[in-house]
Structures are given as C-alpha cells and as structure tokens.
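Right, one structure below, let's go through it.
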Amino acid sequence: MKKPLELRVNGAVKTVEVDPEEPLLYVLREEFGLNGPKYGCGLHQCGSCLVLVDGEASYTCRIPCASFEGKKIQSIEGLSNGDKLHVLQEAFFEAQAAQCGYCVNGMMVAALELLEGNPNPNEQEIRSALNRVICRCGTHSRFIKAVKKAASSTSNL
C-alpha cells in the first residue's frame, strides 16, 4: 500500500507516494530520476547501488525507503555544483577511471566517504575503502589513481 514519504535527496526535500517497503534504489531511480545508483546484485555485495546516507556509504538495493526518512541522502548527481564538477568527479574523469562505468557510482561514493573522513589516505586505506565495490573490468588502478588525485587537490571536498 502506497503512502506519502518525505525524503531529503541531494539537498532537496520531496514527498513521494510510494510503498514504504520499496527499496530506496527504485525510489531514487523512478521518483527522483537519478541514474547514478544502479541495480547490480540485489544482495548488498557489488556496491553499484551505494549512496551517502548521513555521510556514510549505504546500500540501497534492499533496504526499504521508509528507513531513510529524515536522513540526508546524497547520490553522485548531488556532488556537482551546477556545471562545476566536484573534485572527485574531476579526478575520476582525468584518470579515465571507468571502462564500462557500471561500478563508477559505487566507487565514487565509497571514495567520497573515505575522503570526507580521511582527506589524506594512503594507498592501502584507499584500496580498503574501494574493496566493497566490485569492478569486473579491472580498472582498480585508475580508481586508486583518481582517489589519490582528489586527495591531493587543494579544493575542498
């Protein structure tokens, strides 16, 4: 049964009429038009569906959307400021840190969580943070390079 649910996504508050048990991923894609978070495995294992929830990288493919009410949700679409890319987005672009692009959402969200808590991580910390996201194309070295570049940037995250 659908009911009104108020969600705060990328700084905007929107009331949506949804089944409270529907996974947040579907609500983000269908009601908010966000295509960054993706359905990958549906088991909280691949990381394609990650978004930041109150600053923590969180899976969205199975958790009911009602449990996110009152929380700050940020997707990769919410990183840029108008036409100006976020430092992490720039670094991923410059490092060509994507091949098929399916895991990029999860990689960016995991990296953002890391950098917000540790603005100067070493390579092992970066590897550990990105380890929760599966990339089948094998571009991990570019992801690590991009996160290092974002960390060394003088811009604020």
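Going through the structure tokens in order, the chains are called A, B, and so on, while each chain numbers its residues from 1 and the ligands are numbered from 1 in the order shown.
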
Per DSSP on the backbone, filter region 11-74 of chain A down to the residues in alpha helix (DSSP H) and report them as a list in words.
->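 Reading the DSSP output for region 11-74 of chain A, alpha helix (DSSP H) covers Leu24, Leu25, Tyr26, Val27, Leu28, Arg29 and Glu30 of chain A.
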
Mind writing the picked residues with N, CA and C atoms as a PDB file, in the first residue's frame?
```pdb
ATOM      1  N   LEU A  24      15.016   1.713  -1.488  1.00  0.00           N
ATOM      2  CA  LEU A  24      15.352   3.099  -1.811  1.00  0.00           C
ATOM      3  C   LEU A  24      15.887   3.229  -3.236  1.00  0.00           C
ATOM      4  N   LEU A  25      16.650   2.264  -3.694  1.00  0.00           N
ATOM      5  CA  LEU A  25      17.217   2.333  -5.042  1.00  0.00           C
ATOM      6  C   LEU A  25      16.156   2.613  -6.091  1.00  0.00           C
ATOM      7  N   TYR A  26      15.036   1.910  -6.023  1.00  0.00           N
ATOM      8  CA  TYR A  26      13.985   2.087  -7.023  1.00  0.00           C
ATOM      9  C   TYR A  26      13.332   3.458  -6.906  1.00  0.00           C
ATOM     10  N   VAL A  27      13.186   3.938  -5.693  1.00  0.00           N
ATOM     11  CA  VAL A  27      12.600   5.260  -5.481  1.00  0.00           C
ATOM     12  C   VAL A  27      13.527   6.338  -6.039  1.00  0.00           C
ATOM     13  N   LEU A  28      14.822   6.198  -5.797  1.00  0.00           N
ATOM     14  CA  LEU A  28      15.781   7.179  -6.325  1.00  0.00           C
ATOM     15  C   LEU A  28      15.746   7.214  -7.847  1.00  0.00           C
ATOM     16  N   ARG A  29      15.694   6.062  -8.458  1.00  0.00           N
ATOM     17  CA  ARG A  29      15.708   5.997  -9.920  1.00  0.00           C
ATOM     18  C   ARG A  29      14.369   6.413 -10.527  1.00  0.00           C
ATOM     19  N   GLU A  30      13.274   5.933  -9.961  1.00  0.00           N
ATOM     20  CA  GLU A  30      11.960   6.170 -10.566  1.00  0.00           C
ATOM     21  C   GLU A  30      11.323   7.492 -10.154  1.00  0.00           C
TER      22      GLU A  30
END
```

Neighbour list for Ile73 (chain A) as JSON, numbers by chain, cut-off 8 Å, only C-alpha atoms, skip fewer than 5 positions in-chain | {"A": [7, 8, 9, 10, 11, 51, 52, 53, 54, 68]}

Keeping only C-alpha atoms, write the selected residues as a PDB file, in the first residue's frame.
```
ATOM      1  CA  LEU A   7      12.906  12.098   1.529  1.00  0.00           C
ATOM      2  CA  ARG A   8      15.825  14.525   1.514  1.00  0.00           C
ATOM      3  CA  VAL A   9      17.905  13.788  -1.574  1.00  0.00           C
ATOM      4  CA  ASN A  10      20.809  15.930  -2.785  1.00  0.00           C
ATOM      5  CA  GLY A  11      19.683  18.820  -0.615  1.00  0.00           C
ATOM      6  CA  VAL A  51      24.679   6.456  -1.887  1.00  0.00           C
ATOM      7  CA  LEU A  52      25.794   8.531   1.076  1.00  0.00           C
ATOM      8  CA  VAL A  53      23.299   8.483   3.928  1.00  0.00           C
ATOM      9  CA  ASP A  54      24.197  10.932   6.667  1.00  0.00           C
ATOM     10  CA  PHE A  68      15.685   6.610   5.043  1.00  0.00           C
TER      11      PHE A  68
END
```

So what do you get for CA of Gln124 (chain A) versus CA of Lys38 (chain A), distance-wise?
-> 26.4 Å

Which neighbours of Thr15 (chain A) fall inside 7 Å, counting only C-alpha atoms, when residues of the same chain fewer than 3 positions from it are skipped, and could you give them as an mmCIF file with C-alpha atoms, in the first residue's frame?
```
data_model
loop_
_atom_site.group_PDB
_atom_site.id
_atom_site.type_symbol
_atom_site.label_atom_id
_atom_site.label_comp_id
_atom_site.auth_asym_id
_atom_site.auth_seq_id
_atom_site.Cartn_x
_atom_site.Cartn_y
_atom_site.Cartn_z
ATOM 1 C CA PRO A 4 3.402 9.702 1.364
ATOM 2 C CA LEU A 5 7.060 9.617 2.321
ATOM 3 C CA GLU A 6 9.328 12.624 2.701
ATOM 4 C CA LEU A 7 12.906 12.098 1.529
#
```

Which residue, A:Ala146, A:Leu114, A:Cys49, A:Cys137, has the smallest gap to Ile76 (chain A) when you use only C-alpha atoms?
-> A:Cys49

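Atom to atom, CA of Met1 (chain A) and CA of Asp19 (chain A) stand 5.5 Å apart.
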
For CA of Cys61 (chain A) and CA of Ser48 (chain A), quote the distance in Å rounded to one decimal.
->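 Going from CA of Cys61 (chain A) over to CA of Ser48 (chain A), I get 8.9 Å.
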
Give me the residues within 7 Å of region 138-145 of chain A as a list in words, counting only C-alpha atoms and dropping any in the same chain fewer than 4 places off.
->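 Counting only the stated atoms, we get Phe92, Ala95, Gln96, Ala97, Ala98, Gln99, Ile126, Arg127 and Lys149 of chain A.
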
Just to be explicit: take each residue in the selection above, keep C-alpha atoms, and write the result as a JSON list (two decimals), in the first residue's frame.
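New file selection_24.json:
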```json
[["chain", "number", "residue", "atom", "x", "y", "z"],
["A", 92, "PHE", "CA", 37.79, 10.24, -12.00],
["A", 95, "ALA", "CA", 42.23, 9.44, -14.60],
["A", 96, "GLN", "CA", 39.80, 7.85, -17.07],
["A", 97, "ALA", "CA", 38.65, 5.78, -14.10],
["A", 98, "ALA", "CA", 35.92, 3.85, -15.83],
["A", 99, "GLN", "CA", 35.62, 1.30, -18.54],
["A", 126, "ILE", "CA", 42.06, 3.68, -0.50],
["A", 127, "ARG", "CA", 42.15, 0.02, -1.54],
["A", 149, "LYS", "CA", 44.48, 12.84, -7.17]]
```

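Residue nearest Ser75 (chain A), chosen from A:Ala129, A:Cys100, A:Ile63, A:Phe32 and counting only C-alpha atoms: A:Phe32.
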
Per DSSP on the backbone, what are the strand (DSSP E or B) residues of chain A, as a list in words?
-> Lys3, Pro4, Leu5, Glu6, Leu7, Arg8, Val9, Ala12, Val13, Lys14, Thr15, Val16, Glu17, Val18, Pro23, Val51, Leu52, Val53, Glu56, Ala57, Ser58, Pro64, Lys72, Ile73, Gln74, Asn81 and Lys84 of chain A

For Ala111 (chain A): contacts at 9 Å, only C-alpha atoms, fewer than 2 positions along chain excluded, given as a ChimeraX atom specification | /A:88,106-109,113-116,126,129-130,143,147

Take the residues from that selection and put them in a file with N, CA, C and O atoms, as a compact mmCIF listing (two decimals), in the first residue's frame.
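Everything below was put into part_32.txt:
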```txt
# COMPACT_ATOMS: atom_id res chain seq x y z
N LEU A 88 36.27 15.15 -6.84
CA LEU A 88 36.35 13.71 -7.05
C LEU A 88 35.88 13.34 -8.45
O LEU A 88 36.49 12.50 -9.11
N GLY A 106 29.37 3.40 -7.28
CA GLY A 106 29.81 2.84 -6.01
C GLY A 106 31.23 3.24 -5.66
O GLY A 106 31.53 3.53 -4.50
N MET A 107 32.11 3.24 -6.65
CA MET A 107 33.50 3.63 -6.41
C MET A 107 33.58 5.08 -5.92
O MET A 107 34.30 5.39 -4.98
N MET A 108 32.82 5.96 -6.57
CA MET A 108 32.83 7.37 -6.18
C MET A 108 32.26 7.57 -4.79
O MET A 108 32.79 8.34 -3.99
N VAL A 109 31.16 6.90 -4.50
CA VAL A 109 30.53 7.05 -3.18
C VAL A 109 31.45 6.52 -2.09
O VAL A 109 31.64 7.15 -1.05
N GLU A 113 33.12 8.87 0.85
CA GLU A 113 33.03 8.56 2.29
C GLU A 113 34.43 8.54 2.91
O GLU A 113 34.66 9.12 3.97
N LEU A 114 35.37 7.90 2.24
CA LEU A 114 36.74 7.83 2.73
C LEU A 114 37.35 9.22 2.87
O LEU A 114 37.88 9.58 3.92
N LEU A 115 37.27 10.01 1.80
CA LEU A 115 37.93 11.32 1.78
C LEU A 115 37.31 12.31 2.76
O LEU A 115 38.00 13.19 3.27
N GLU A 116 36.02 12.17 3.01
CA GLU A 116 35.40 13.07 3.98
C GLU A 116 35.85 12.74 5.40
O GLU A 116 35.93 13.62 6.24
N ILE A 126 42.89 3.51 0.71
CA ILE A 126 42.06 3.68 -0.50
C ILE A 126 41.58 2.32 -0.99
O ILE A 126 40.40 2.12 -1.26
N ALA A 129 38.86 0.96 1.25
CA ALA A 129 37.57 1.66 1.08
C ALA A 129 36.87 1.23 -0.21
O ALA A 129 35.65 1.07 -0.23
N LEU A 130 37.63 1.05 -1.28
CA LEU A 130 37.05 0.69 -2.57
C LEU A 130 36.75 -0.80 -2.69
O LEU A 130 36.03 -1.21 -3.60
N PHE A 143 41.05 3.79 -10.48
CA PHE A 143 40.25 4.30 -9.37
C PHE A 143 41.17 4.79 -8.24
O PHE A 143 40.95 5.85 -7.66
N VAL A 147 41.44 8.63 -6.78
CA VAL A 147 41.23 8.99 -5.37
C VAL A 147 42.46 9.70 -4.82
O VAL A 147 42.34 10.70 -4.09
```

Among the residues A:Val87, A:Glu77, A:Gly117, A:Pro64, the one that comes closest to Asn105 (chain A) [using only C-alpha atoms] = A:Glu77

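Using only C-alpha atoms for every distance, the candidate list A:Cys65, A:Gly47, A:Gly36, A:Gly101 yields A:Cys65 as the residue closest to Glu17 (chain A).
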
Identify which of the residues A:Ala110, A:Lys3, A:Glu21, A:Lys72 lies closest to Asn131 (chain A), counting only C-alpha atoms when measuring atom-to-atom distances.
->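 Ranking A:Ala110, A:Lys3, A:Glu21, A:Lys72 by distance to Asn131 (chain A), first place goes to A:Ala110.
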
Contacts of Ala151 (chain A) at 6 Å (only C-alpha atoms; same-chain gap of 3+ positions) as a PyMOL selection string = chain A and resi 119-120+148

Have a look at A:Leu112, A:Val18, A:Cys135, A:Leu79 and name the one nearest to Glu56 (chain A); count only C-alpha atoms.
->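 Closest to Glu56 (chain A) of all the choices is A:Leu112.
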
Identify, on the basis of only C-alpha atoms, every residue whose closest approach to Ser80 (chain A) does not exceed 8 Å; exclude the query and any residue fewer than 5 positions from it along the same chain; express the result as a count of residues only.
-> 3
